[in-house]
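Enquirer: The structure's right below; bear with me while I get my questions together.
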Number of protein chains: 4
Amino acid sequence: MSILVLQGSTRENGNTEQLVRLALEGISYREIALRDKWILPIRDQRHEEGGFDAVDDDYDDVILEVLRHETLVFATPVYWYGVSGVMKNFIDRWSQSLRDPRFDFKQVMSQKKAYVIVTGGDNPRIKALPLIQQLKYTFDFVGMPLEGYLIGKASKPAEILKDTRAVREAGWLNASLQSQVIPS
Amino acid sequence: MSILVLQGSTRENGNTEQLVRLALEGISYREIALRDKWILPIRDQRHEEGGFDAVDDDYDDVILEVLRHETLVFATPVYWYGVSGVMKNFIDRWSQSLRDPRFDFKQVMSQKKAYVIVTGGDNPRIKALPLIQQLKYTFDFVGMPLEGYLIGKASKPAEILKDTRAVREAGWLNASLQSQVIPS
Amino acid sequence: MSILVLQGSTRENGNTEQLVRLALEGISYREIALRDKWILPIRDQRHEEGGFDAVDDDYDDVILEVLRHETLVFATPVYWYGVSGVMKNFIDRWSQSLRDPRFDFKQVMSQKKAYVIVTGGDNPRIKALPLIQQLKYTFDFVGMPLEGYLIGKASKPAEILKDTRAVREAGWLNASLQSQVIPS
Amino acid sequence: MSILVLQGSTRENGNTEQLVRLALEGISYREIALRDKWILPIRDQRHEEGGFDAVDDDYDDVILEVLRHETLVFATPVYWYGVSGVMKNFIDRWSQSLRDPRFDFKQVMSQKKAYVIVTGGDNPRIKALPLIQQLKYTFDFVGMPLEGYLIGKASKPAEILKDTRAVREAGWLNASLQSQVIPS
């Protein structure tokens, strides 16, 4: 089981990153910080004759990396009750991958497992529920099971470590992922 | 009552635009197509000493235009069960406006009224509900009442005109807005 | 297409009943007022050896009537952000029908179509959305498509007639149902 | 801090009860099994001249007990994606208490803290979210903060003990409640 973290935070070493590190402590994984990638918002060309134009940005590199892993962790702070803009831009571009002749996007994604890790400052265990539901619909669309989600409460730097509940839940996710790793 | 439509569709003359035109027929309004603006995703600098750096893009022009109007219509297709990336990027940047010394963002926004118009292809009257809830929390945060929302079902170009329910609801919104316009 | 309204209001001639009448004007249907039926809350005996005991109340009569119709309209006021207690008690008892050897409950229900009509006083177009989502999951479980829902805003008697939006939407539902009726 | 558990399960010693026991281990509390109380569904008489008639059942005893405690734990299995019928009937009757001249229901409730513990068999961490949102709106209405909720996955008897995540979260709730107890 190879793990890829898609990191949607736009702040280095922020609460979302810290919660990810707690959840994945002792586990080998690769992380892509979407803030370091240049990914343009989608331009809907589904109904144009030639379909989508090629876009000269980092999306293709990132999606090819996604396709190489078995477990995907979508990590994002709650920005205005949704995923961060850099993550939304990335997911929106899946519409392009759905029409990419190089692979059967839905089929490949349906073989993966998804986890979600979010942190937010404004009552996230209630107000981030629409975000979770959106991602659930998103993963359902490509047939990828959502295996679990963590919601942490934090706003100021390092505050997540005081959210004893999120820390415990990260411990659960860690144990759960550890048990799935095939020892080398 | 001056009306500004923030158009989140990335396709010219798409279903969301058509539903907006039905809803606003005979009413004077200004529309900003966010796809024609260059607005970068937010980079979270809330916790940096100097706060947010100035960003050299179109956000400032758009938000100043927003502040000038009394009624805001957030129009967006449903992209992966959320607002479009260009709209998400725009809303995320409000975090910057909250710290803008030129105005009291929350106070000014709380004097406005919001409407939402969305169209989607995949059972939007159920699967766009998290999107509506997310925008509701967003408007609540700045104290701006959500006066109403329309959800239309459409995917292919012009399909919205066959959604007889959405057409009727656009008629309701039109009548409601007409009744608020002070005759010149 | 024979229509059965399951009326969950506990007040005669209340707003929910009025909205139903608008939606079904000129259409032949049968209505069961659940308040006039004696239906006990479920007692979970799924895991007992003999399964569920027979319950001596009106549930059986009502469910047999349900099974006889092709279109079901679930009408309920919003009580504490959910369906009314009399309607919840009725739906909970479906767990018993799932184990009833006289019929294949899921199979029969999956042949029907469902509509939902709700009225509420406290911002129902936002705060009744969890109720709609709950009913959607319920109908999904038995494979019955949710064809549409109306949400009206009303609290005091007859107030629903002032909700011009709900009145229009009832007109849409009326036209939609009329078009499905096979002329006799 | 005196704790009252309102137990909505209709099965003795079921998963919801077991999860409650884990969460409250070593803590003194009182529990009312709503299944052992005779509480009728509400009959809406808000708009009748004399208001609500007195109802000869156990509701009054239970609500008086509720008013005596500082912390309320609403424990319920997920029945058809909502709280159980016996719990819904109980909550619906709050409309009567809102008009009870013996106390200021909202004011008294707003001084309490609420927790929610639910267990369900069908993907409850997604499909019980509308239930959580409903209860949040319910508690908001009376001004009572929702301090936390647990969602466990279980269907067959004792299955909850295999939900290692729920068991950990119960540990968090236990520690959280222990820290609030004033030592005698």
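Chain labels run A, B, ... following the order of the structure tokens; each chain numbers its residues from 1, and ligands are numbered from 1 in the order shown.
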Could you name the residues that touch segment 62-69 of chain D at 12 Å or less, counting only C-alpha atoms, but leaving out those on the same chain fewer than 3 positions away, as JSON, numbers by chain?
Expert: {"D": [1, 2, 3, 4, 5, 6, 7, 29, 30, 31, 32, 33, 34, 35, 36, 37, 38, 39, 57, 58, 59, 72, 73, 74, 87, 90, 91, 92, 93, 94, 95, 96, 97, 98, 100, 102, 103, 104, 105, 106, 107, 108, 109, 110, 111, 112, 113, 114]}
Enquirer: Please, which residues of chain C lie no more than 10 Å from chain D when the count uses only C-alpha atoms, and can they be set out as a count of residues only?
Expert: 51
Enquirer: Where in segment 20-68 of chain C does DSSP assign strand (DSSP E or B), given as a ChimeraX atom specification?
Expert: /C:30-33
